Amino acid sequence: MSIKDKINENIKSAFKSGLSDEVSVLRFLSSVIKNKELEKRSRLSKEGKELADLEKLSELSDEEIMSVISGEIKKRKDSIVQYEKGGRDDLVKKEMSELEILKKYAPAEMPEEELRALIKNKVAGLPAQAGQKDFGKAMGLVMAEVKGRADGTMVKRIIEEEMKNET
């Protein structure tokens with residue numbers, strides 16, 4: 001069962017169970033996925049793909065859906081920070097609730113120890129005088145390998161720490 005199918009099934013079961021908050025978040029997520037599929041379809045049609053093939057080709061893969069979910073999780077985390085700064089505890093609580101629902105569909109986050117070991121390995125492979133220009137290389141290598149299983153902010157922080165330790 002694809003992630004999209006799982007989300008649609010969970011919308012139905014949450015609706016039957018009377019979980020209005022979960023229904024709302026999952027419907028929103030479903031609409032974001034649908035919008036991404038429409039964007040993909042538009043892009044493919046401009047490339048001259050056959051009309052009959054567009055429907056199938058424009059469906060998002062599970063990996064693309066995971067990217068959408070990760071983006072929504074990041075938006076919630078950013079909103080929580082902003083609402084905390086503004087003293088809006090009611091909105092912080094709402095965003096945290098939505099975040100917990102979305103996290104059920106995201107891949108398990110990589111433990112910090114495992115992430116740190118991966119980063120040490122990648123930083124060690126860079127030239128001895130790893131500088132700011134190599135930071136981007138390290139970030140790209142690590143983010144490509146963790147693919148949504150680690151928060152970019154944490155990756156950035158650990159890379160900076162490891163690059164300081166290297167010098």
# chains A, B, ... in the order shown; residues from 1 in each chain; ligands from 1
>>> residues_around(residues="Arg27 of chain A", least_positions_apart="5", cutoff="10 Å", atoms="only C-alpha atoms", output="ChimeraX atom specification")
/A:7-8,10-11,21-22,32-33
>>> write_last_selection(atoms="N, CA and C atoms", output="PDB file, in the first residue's frame")
ATOM      1  N   ILE A   7      -2.734   7.270   3.685  1.00  0.00           N
ATOM      2  CA  ILE A   7      -3.284   8.545   4.171  1.00  0.00           C
ATOM      3  C   ILE A   7      -4.787   8.597   3.910  1.00  0.00           C
ATOM      4  N   ASN A   8      -5.208   8.201   2.704  1.00  0.00           N
ATOM      5  CA  ASN A   8      -6.635   8.215   2.367  1.00  0.00           C
ATOM      6  C   ASN A   8      -7.435   7.254   3.240  1.00  0.00           C
ATOM      7  N   ASN A  10      -6.593   6.337   6.276  1.00  0.00           N
ATOM      8  CA  ASN A  10      -6.606   6.899   7.630  1.00  0.00           C
ATOM      9  C   ASN A  10      -7.548   8.088   7.754  1.00  0.00           C
ATOM     10  N   ILE A  11      -7.783   8.805   6.664  1.00  0.00           N
ATOM     11  CA  ILE A  11      -8.782   9.889   6.689  1.00  0.00           C
ATOM     12  C   ILE A  11     -10.154   9.278   6.976  1.00  0.00           C
ATOM     13  N   ASP A  21      -9.515  16.597  14.415  1.00  0.00           N
ATOM     14  CA  ASP A  21      -8.205  17.213  14.211  1.00  0.00           C
ATOM     15  C   ASP A  21      -7.379  16.390  13.222  1.00  0.00           C
ATOM     16  N   GLU A  22      -7.388  15.077  13.387  1.00  0.00           N
ATOM     17  CA  GLU A  22      -6.629  14.205  12.505  1.00  0.00           C
ATOM     18  C   GLU A  22      -7.196  14.243  11.084  1.00  0.00           C
ATOM     19  N   VAL A  32      -2.257  18.915  -0.337  1.00  0.00           N
ATOM     20  CA  VAL A  32      -0.905  19.351  -0.700  1.00  0.00           C
ATOM     21  C   VAL A  32      -0.295  18.355  -1.686  1.00  0.00           C
ATOM     22  N   ILE A  33      -0.498  17.061  -1.432  1.00  0.00           N
ATOM     23  CA  ILE A  33       0.004  16.022  -2.336  1.00  0.00           C
ATOM     24  C   ILE A  33      -0.653  16.171  -3.704  1.00  0.00           C
TER      25      ILE A  33
END
>>> residues_around(residues="Ala108 of chain A", least_positions_apart="4", cutoff="12 Å", atoms="only C-alpha atoms", output="PDB file with all heavy atoms, in the first residue's frame")
ATOM      1  N   MET A  66       7.137  11.515   0.724  1.00  0.00           N
ATOM      2  CA  MET A  66       7.893  11.693   1.968  1.00  0.00           C
ATOM      3  C   MET A  66       8.525  13.085   2.009  1.00  0.00           C
ATOM      4  O   MET A  66       8.586  13.707   3.065  1.00  0.00           O
ATOM      5  CB  MET A  66       8.981  10.618   2.104  1.00  0.00           C
ATOM      6  CG  MET A  66       8.448   9.215   2.303  1.00  0.00           C
ATOM      7  SD  MET A  66       7.229   9.067   3.620  1.00  0.00           S
ATOM      8  CE  MET A  66       8.214   9.383   5.027  1.00  0.00           C
ATOM      9  N   SER A  70       7.856  15.817   4.838  1.00  0.00           N
ATOM     10  CA  SER A  70       8.975  16.462   5.539  1.00  0.00           C
ATOM     11  C   SER A  70       8.860  17.979   5.461  1.00  0.00           C
ATOM     12  O   SER A  70       9.139  18.678   6.435  1.00  0.00           O
ATOM     13  CB  SER A  70      10.309  16.015   4.940  1.00  0.00           C
ATOM     14  OG  SER A  70      10.505  14.647   5.146  1.00  0.00           O
ATOM     15  N   LEU A 102       1.506  14.418  11.692  1.00  0.00           N
ATOM     16  CA  LEU A 102       2.339  14.302  10.493  1.00  0.00           C
ATOM     17  C   LEU A 102       3.530  13.375  10.710  1.00  0.00           C
ATOM     18  O   LEU A 102       3.934  12.658   9.792  1.00  0.00           O
ATOM     19  CB  LEU A 102       2.826  15.690  10.051  1.00  0.00           C
ATOM     20  CG  LEU A 102       1.766  16.615   9.480  1.00  0.00           C
ATOM     21  CD1 LEU A 102       2.318  18.026   9.301  1.00  0.00           C
ATOM     22  CD2 LEU A 102       1.227  16.083   8.168  1.00  0.00           C
ATOM     23  N   LYS A 103       4.082  13.381  11.919  1.00  0.00           N
ATOM     24  CA  LYS A 103       5.258  12.547  12.203  1.00  0.00           C
ATOM     25  C   LYS A 103       4.957  11.057  12.059  1.00  0.00           C
ATOM     26  O   LYS A 103       5.858  10.265  11.826  1.00  0.00           O
ATOM     27  CB  LYS A 103       5.794  12.823  13.606  1.00  0.00           C
ATOM     28  CG  LYS A 103       6.654  14.053  13.679  1.00  0.00           C
ATOM     29  CD  LYS A 103       7.250  14.202  15.056  1.00  0.00           C
ATOM     30  CE  LYS A 103       8.221  15.356  15.123  1.00  0.00           C
ATOM     31  NZ  LYS A 103       8.819  15.482  16.458  1.00  0.00           N
ATOM     32  N   LYS A 104       3.688  10.684  12.162  1.00  0.00           N
ATOM     33  CA  LYS A 104       3.309   9.271  12.000  1.00  0.00           C
ATOM     34  C   LYS A 104       3.602   8.779  10.577  1.00  0.00           C
ATOM     35  O   LYS A 104       3.751   7.586  10.360  1.00  0.00           O
ATOM     36  CB  LYS A 104       1.816   9.083  12.288  1.00  0.00           C
ATOM     37  CG  LYS A 104       1.416   9.330  13.713  1.00  0.00           C
ATOM     38  CD  LYS A 104      -0.092   9.189  13.853  1.00  0.00           C
ATOM     39  CE  LYS A 104      -0.575   9.641  15.200  1.00  0.00           C
ATOM     40  NZ  LYS A 104      -2.051   9.629  15.296  1.00  0.00           N
ATOM     41  N   VAL A 146      20.989  10.933   4.208  1.00  0.00           N
ATOM     42  CA  VAL A 146      19.969  10.772   5.252  1.00  0.00           C
ATOM     43  C   VAL A 146      18.553  10.923   4.716  1.00  0.00           C
ATOM     44  O   VAL A 146      17.618  10.414   5.325  1.00  0.00           O
ATOM     45  CB  VAL A 146      20.200  11.721   6.460  1.00  0.00           C
ATOM     46  CG1 VAL A 146      21.500  11.423   7.138  1.00  0.00           C
ATOM     47  CG2 VAL A 146      20.122  13.173   6.070  1.00  0.00           C
ATOM     48  N   LYS A 147      18.353  11.609   3.598  1.00  0.00           N
ATOM     49  CA  LYS A 147      17.061  11.733   2.907  1.00  0.00           C
ATOM     50  C   LYS A 147      15.839  11.819   3.826  1.00  0.00           C
ATOM     51  O   LYS A 147      15.044  10.905   3.907  1.00  0.00           O
ATOM     52  CB  LYS A 147      16.875  10.581   1.934  1.00  0.00           C
ATOM     53  CG  LYS A 147      17.720  10.706   0.713  1.00  0.00           C
ATOM     54  CD  LYS A 147      17.393   9.633  -0.296  1.00  0.00           C
ATOM     55  CE  LYS A 147      18.320   9.761  -1.478  1.00  0.00           C
ATOM     56  NZ  LYS A 147      18.463   8.559  -2.215  1.00  0.00           N
ATOM     57  N   GLY A 148      15.742  12.898   4.554  1.00  0.00           N
ATOM     58  CA  GLY A 148      14.551  13.129   5.358  1.00  0.00           C
ATOM     59  C   GLY A 148      14.532  12.432   6.709  1.00  0.00           C
ATOM     60  O   GLY A 148      13.592  12.575   7.464  1.00  0.00           O
ATOM     61  N   ARG A 149      15.577  11.668   7.030  1.00  0.00           N
ATOM     62  CA  ARG A 149      15.611  10.977   8.318  1.00  0.00           C
ATOM     63  C   ARG A 149      16.306  11.802   9.384  1.00  0.00           C
ATOM     64  O   ARG A 149      16.421  11.367  10.524  1.00  0.00           O
ATOM     65  CB  ARG A 149      16.299   9.616   8.190  1.00  0.00           C
ATOM     66  CG  ARG A 149      15.540   8.657   7.299  1.00  0.00           C
ATOM     67  CD  ARG A 149      16.186   7.297   7.228  1.00  0.00           C
ATOM     68  NE  ARG A 149      17.567   7.405   6.792  1.00  0.00           N
ATOM     69  CZ  ARG A 149      18.568   6.671   7.280  1.00  0.00           C
ATOM     70  NH1 ARG A 149      18.350   5.781   8.202  1.00  0.00           N
ATOM     71  NH2 ARG A 149      19.798   6.819   6.834  1.00  0.00           N
ATOM     72  N   ALA A 150      16.780  13.004   9.006  1.00  0.00           N
ATOM     73  CA  ALA A 150      17.431  13.886   9.969  1.00  0.00           C
ATOM     74  C   ALA A 150      17.078  15.331   9.634  1.00  0.00           C
ATOM     75  O   ALA A 150      16.934  15.692   8.475  1.00  0.00           O
ATOM     76  CB  ALA A 150      18.942  13.681   9.926  1.00  0.00           C
ATOM     77  N   ASP A 151      16.961  16.126  10.662  1.00  0.00           N
ATOM     78  CA  ASP A 151      16.632  17.533  10.515  1.00  0.00           C
ATOM     79  C   ASP A 151      17.848  18.287   9.986  1.00  0.00           C
ATOM     80  O   ASP A 151      18.968  18.110  10.487  1.00  0.00           O
ATOM     81  CB  ASP A 151      16.209  18.080  11.877  1.00  0.00           C
ATOM     82  CG  ASP A 151      15.837  19.544  11.827  1.00  0.00           C
ATOM     83  OD1 ASP A 151      15.100  19.926  10.894  1.00  0.00           O
ATOM     84  OD2 ASP A 151      16.278  20.300  12.714  1.00  0.00           O
TER      85      ASP A 151
END
>>> residues_around(residues="segment 83-97 of chain A", least_positions_apart="3", cutoff="12 Å", atoms="only C-alpha atoms", output="ChimeraX atom specification")
/A:20-22,24-25,72-80,100-104
>>> write_last_selection(atoms="all heavy atoms", output="compact mmCIF listing (two decimals), in the first residue's frame")
# COMPACT_ATOMS: atom_id res chain seq x y z
N SER A 20 -11.64 14.71 14.61
CA SER A 20 -11.73 15.83 13.67
C SER A 20 -10.38 16.49 13.40
O SER A 20 -10.11 16.92 12.27
CB SER A 20 -12.74 16.86 14.15
OG SER A 20 -12.35 17.36 15.40
N ASP A 21 -9.52 16.60 14.42
CA ASP A 21 -8.21 17.21 14.21
C ASP A 21 -7.38 16.39 13.22
O ASP A 21 -6.74 16.93 12.33
CB ASP A 21 -7.43 17.35 15.53
CG ASP A 21 -8.04 18.38 16.45
OD1 ASP A 21 -8.85 19.20 15.97
OD2 ASP A 21 -7.72 18.37 17.65
N GLU A 22 -7.39 15.08 13.39
CA GLU A 22 -6.63 14.20 12.51
C GLU A 22 -7.20 14.24 11.08
O GLU A 22 -6.45 14.29 10.11
CB GLU A 22 -6.61 12.77 13.05
CG GLU A 22 -5.64 11.89 12.31
CD GLU A 22 -5.28 10.63 13.07
OE1 GLU A 22 -5.48 10.56 14.29
OE2 GLU A 22 -4.78 9.71 12.41
N SER A 24 -8.73 16.72 9.69
CA SER A 24 -8.35 18.02 9.13
C SER A 24 -6.91 18.02 8.63
O SER A 24 -6.63 18.46 7.50
CB SER A 24 -8.54 19.09 10.19
OG SER A 24 -8.08 20.33 9.74
N VAL A 25 -5.99 17.53 9.44
CA VAL A 25 -4.57 17.51 9.06
C VAL A 25 -4.34 16.59 7.86
O VAL A 25 -3.63 16.95 6.92
CB VAL A 25 -3.68 17.07 10.25
CG1 VAL A 25 -2.24 16.85 9.82
CG2 VAL A 25 -3.75 18.09 11.37
N GLU A 72 6.08 19.70 5.19
CA GLU A 72 4.99 20.11 6.08
C GLU A 72 5.43 20.06 7.55
O GLU A 72 5.05 20.92 8.34
CB GLU A 72 3.75 19.24 5.86
CG GLU A 72 3.08 19.48 4.52
CD GLU A 72 2.64 20.92 4.32
OE1 GLU A 72 2.02 21.51 5.23
OE2 GLU A 72 2.93 21.48 3.25
N ILE A 73 6.23 19.07 7.90
CA ILE A 73 6.75 18.97 9.26
C ILE A 73 7.64 20.18 9.56
O ILE A 73 7.54 20.79 10.62
CB ILE A 73 7.51 17.64 9.46
CG1 ILE A 73 6.50 16.49 9.52
CG2 ILE A 73 8.38 17.68 10.72
CD1 ILE A 73 7.11 15.11 9.54
N LYS A 74 8.50 20.53 8.61
CA LYS A 74 9.39 21.68 8.79
C LYS A 74 8.57 22.96 8.96
O LYS A 74 8.89 23.79 9.82
CB LYS A 74 10.34 21.80 7.60
CG LYS A 74 11.35 22.93 7.75
CD LYS A 74 12.33 22.94 6.63
CE LYS A 74 13.37 24.02 6.70
NZ LYS A 74 13.29 25.05 7.65
N LYS A 75 7.51 23.11 8.18
CA LYS A 75 6.65 24.29 8.31
C LYS A 75 6.06 24.38 9.71
O LYS A 75 5.99 25.46 10.30
CB LYS A 75 5.53 24.27 7.28
CG LYS A 75 5.98 24.56 5.87
CD LYS A 75 4.80 24.44 4.91
CE LYS A 75 5.25 24.53 3.46
NZ LYS A 75 4.13 24.31 2.53
N ARG A 76 5.61 23.23 10.24
CA ARG A 76 5.03 23.23 11.58
C ARG A 76 6.07 23.61 12.63
O ARG A 76 5.80 24.39 13.53
CB ARG A 76 4.45 21.85 11.95
CG ARG A 76 3.28 21.36 11.09
CD ARG A 76 2.17 22.36 10.98
NE ARG A 76 1.04 21.92 10.22
CZ ARG A 76 0.98 21.79 8.89
NH1 ARG A 76 2.02 22.00 8.15
NH2 ARG A 76 -0.14 21.43 8.29
N LYS A 77 7.28 23.07 12.50
CA LYS A 77 8.35 23.39 13.45
C LYS A 77 8.68 24.87 13.41
O LYS A 77 8.85 25.51 14.46
CB LYS A 77 9.60 22.56 13.16
CG LYS A 77 9.46 21.10 13.54
CD LYS A 77 10.72 20.33 13.20
CE LYS A 77 10.60 18.87 13.63
NZ LYS A 77 11.81 18.10 13.27
N ASP A 78 8.76 25.44 12.21
CA ASP A 78 9.04 26.87 12.07
C ASP A 78 7.91 27.71 12.68
O ASP A 78 8.16 28.70 13.35
CB ASP A 78 9.21 27.25 10.60
CG ASP A 78 10.48 26.66 9.97
OD1 ASP A 78 11.36 26.21 10.73
OD2 ASP A 78 10.57 26.66 8.73
N SER A 79 6.67 27.29 12.46
CA SER A 79 5.53 28.01 13.02
C SER A 79 5.55 27.96 14.54
O SER A 79 5.25 28.97 15.19
CB SER A 79 4.21 27.40 12.52
OG SER A 79 4.09 27.59 11.14
N ILE A 80 5.91 26.82 15.09
CA ILE A 80 5.96 26.68 16.55
C ILE A 80 6.95 27.68 17.12
O ILE A 80 6.66 28.38 18.11
CB ILE A 80 6.32 25.23 16.96
CG1 ILE A 80 5.13 24.31 16.66
CG2 ILE A 80 6.72 25.15 18.42
CD1 ILE A 80 5.44 22.83 16.76
N GLU A 100 2.56 16.16 15.50
CA GLU A 100 2.53 14.77 15.96
C GLU A 100 1.79 13.87 14.97
O GLU A 100 2.19 12.73 14.72
CB GLU A 100 1.90 14.67 17.35
CG GLU A 100 2.77 15.25 18.45
CD GLU A 100 4.18 14.69 18.47
OE1 GLU A 100 4.34 13.45 18.43
OE2 GLU A 100 5.12 15.49 18.51
N ILE A 101 0.72 14.37 14.40
CA ILE A 101 -0.04 13.59 13.41
C ILE A 101 0.82 13.36 12.16
O ILE A 101 0.89 12.25 11.64
CB ILE A 101 -1.36 14.30 13.05
CG1 ILE A 101 -2.29 14.31 14.27
CG2 ILE A 101 -2.04 13.62 11.86
CD1 ILE A 101 -3.49 15.23 14.14
N LEU A 102 1.51 14.42 11.69
CA LEU A 102 2.34 14.30 10.49
C LEU A 102 3.53 13.37 10.71
O LEU A 102 3.93 12.66 9.79
CB LEU A 102 2.83 15.69 10.05
CG LEU A 102 1.77 16.61 9.48
CD1 LEU A 102 2.32 18.03 9.30
CD2 LEU A 102 1.23 16.08 8.17
N LYS A 103 4.08 13.38 11.92
CA LYS A 103 5.26 12.55 12.20
C LYS A 103 4.96 11.06 12.06
O LYS A 103 5.86 10.27 11.83
CB LYS A 103 5.79 12.82 13.61
CG LYS A 103 6.65 14.05 13.68
CD LYS A 103 7.25 14.20 15.06
CE LYS A 103 8.22 15.36 15.12
NZ LYS A 103 8.82 15.48 16.46
N LYS A 104 3.69 10.68 12.16
CA LYS A 104 3.31 9.27 12.00
C LYS A 104 3.60 8.78 10.58
O LYS A 104 3.75 7.59 10.36
CB LYS A 104 1.82 9.08 12.29
CG LYS A 104 1.42 9.33 13.71
CD LYS A 104 -0.09 9.19 13.85
CE LYS A 104 -0.57 9.64 15.20
NZ LYS A 104 -2.05 9.63 15.30
>>> residues_around(residues="Ala117 of chain A", least_positions_apart="6", cutoff="12 Å", atoms="only C-alpha atoms", output="number ranges by chain")
A: 110-111, 123-124, 142, 155, 158-159, 162
